[in-house]
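Take a look at the structure below.
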Amino acid sequence: MARLSKQARREQLLDVAAELVRGKGADALTLVTLAETAGVSRPIVYDHFGTRAGLLLALYRELDERHRAALTDALRTAEPTIDALADVMSTAYFACAIDMPEFTSLSAALKGDPELEAMQHELLAGYITLMADALAPHSSLPKDVLHLRCRGVLGAAEAIATELIHDRTTAAEATAALAAIIRD
């Protein structure tokens, strides 16, 4: 069996970590459980992530990058109207929420640690900038106010995603609700 490169091993470990969070929640994700589930030694996992906080942040970063890439792709093809942009943003957000349900659990886990929450806040800034830049031509709000509103929209999106993941709403209802919030 060929040895994986360091980058390939990291990707494999993050995939296993995502599956653990998806199946058992973020509280179940530790460096030890990751090593056992991935079938690697503990030192390998510690070498990649250092601490549980490092693991949580690395996984969140990867999912955040996928989320931003999906929004970027969706915005590229969107008509430049507020209705189309709201629909595209909402659809892209919930497509990711369905595809990556562990993102919501992971986001909640980061909020339990002030340092991790601050890093999460910084990562969200990139997503917020994408949203605000797309919406700016349709808004008379100052840039800082528009960014703050977009941060609020993401808070609402996360709450709606929790409802969706727990089957308390449908994707269509979630998408329509978030699109309405974006339009307003």
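Going by the structure tokens order, chains are called A, B, ..., each with residues numbered from 1, while ligands are numbered from 1 in the order shown.
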Using only C-alpha atoms, which residues of segment 26-96 of chain A come within 8 Å of segment 135-154 of chain A, and what is the closest atom pair for each, with the distance in Å to one decimal? Give it as JSON lines, sorted by chain and residue number.
{"residue": "A:Thr81", "atom": "CA", "partner": "A:His138", "partner_atom": "CA", "distance": 7.7}
{"residue": "A:Ile82", "atom": "CA", "partner": "A:His138", "partner_atom": "CA", "distance": 6.4}
{"residue": "A:Leu85", "atom": "CA", "partner": "A:Leu135", "partner_atom": "CA", "distance": 7.5}
Segment 92-104 of chain A surroundings by only C-alpha atoms, 8 Å radius, close-in-sequence under 5 positions cut, as a PyMOL selection string: chain A and resi 18-19+21-22+25-26+60+63+67+70-71+74+157-158+161-162+164-165+171+174-175
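Interatomic distance, atom CA of Pro43 of chain A against atom CA of Glu62 of chain A: 21.7 Å.
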Neighbour list for segment 8-16 of chain A as number ranges by chain, cut-off 10 Å, only C-alpha atoms, skip fewer than 6 positions in-chain: A: 22, 29, 34-35, 37-40, 44-45, 47-49, 55-56, 58-60, 62-63
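Computed from the coordinates, the atom CA of Gly155 of chain A to atom CA of Lys24 of chain A distance equals 23.4 Å.
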Top pick for closest residue to Glu163 of chain A, considering A:Leu110, A:Ala177, A:Leu123, A:Ala78 and counting only C-alpha atoms: A:Ala177
Separation of atom CA of Met131 of chain A from atom CA of Ala176 of chain A in Å: 17.0 Å
DSSP alpha helix (DSSP H) residues within segment 22-184 of chain A, listed as an MDAnalysis selection string: chainID A and resid 22:24 31:38 42:49 52:77 82:99 102:110 114:135 143:165 171:183
Option closest in space to Arg68 of chain A, from A:Ala125, A:Ala28, A:Ile182, A:Leu20 [counting only C-alpha atoms]: A:Ala125
Residue neighbourhood Gly112 of chain A, 12 Å, only C-alpha atoms, exclusion window fewer than 6 positions, as a PyMOL selection string: chain A and resi 26-27+53+56+105-106+118+120
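The neighbours of Asp83 of chain A here are the residues that come within 9 Å of it, using only C-alpha atoms and leaving out any residue fewer than 6 positions away in the same chain; they are A:Ala179, A:Ala180, A:Ile182, A:Arg183.
Remark: for Glu115 of chain A, the closest of the candidate residues A:Ala159, A:Leu57, A:Leu31, A:Ala132 is A:Leu57 (distances computed over only C-alpha atoms).
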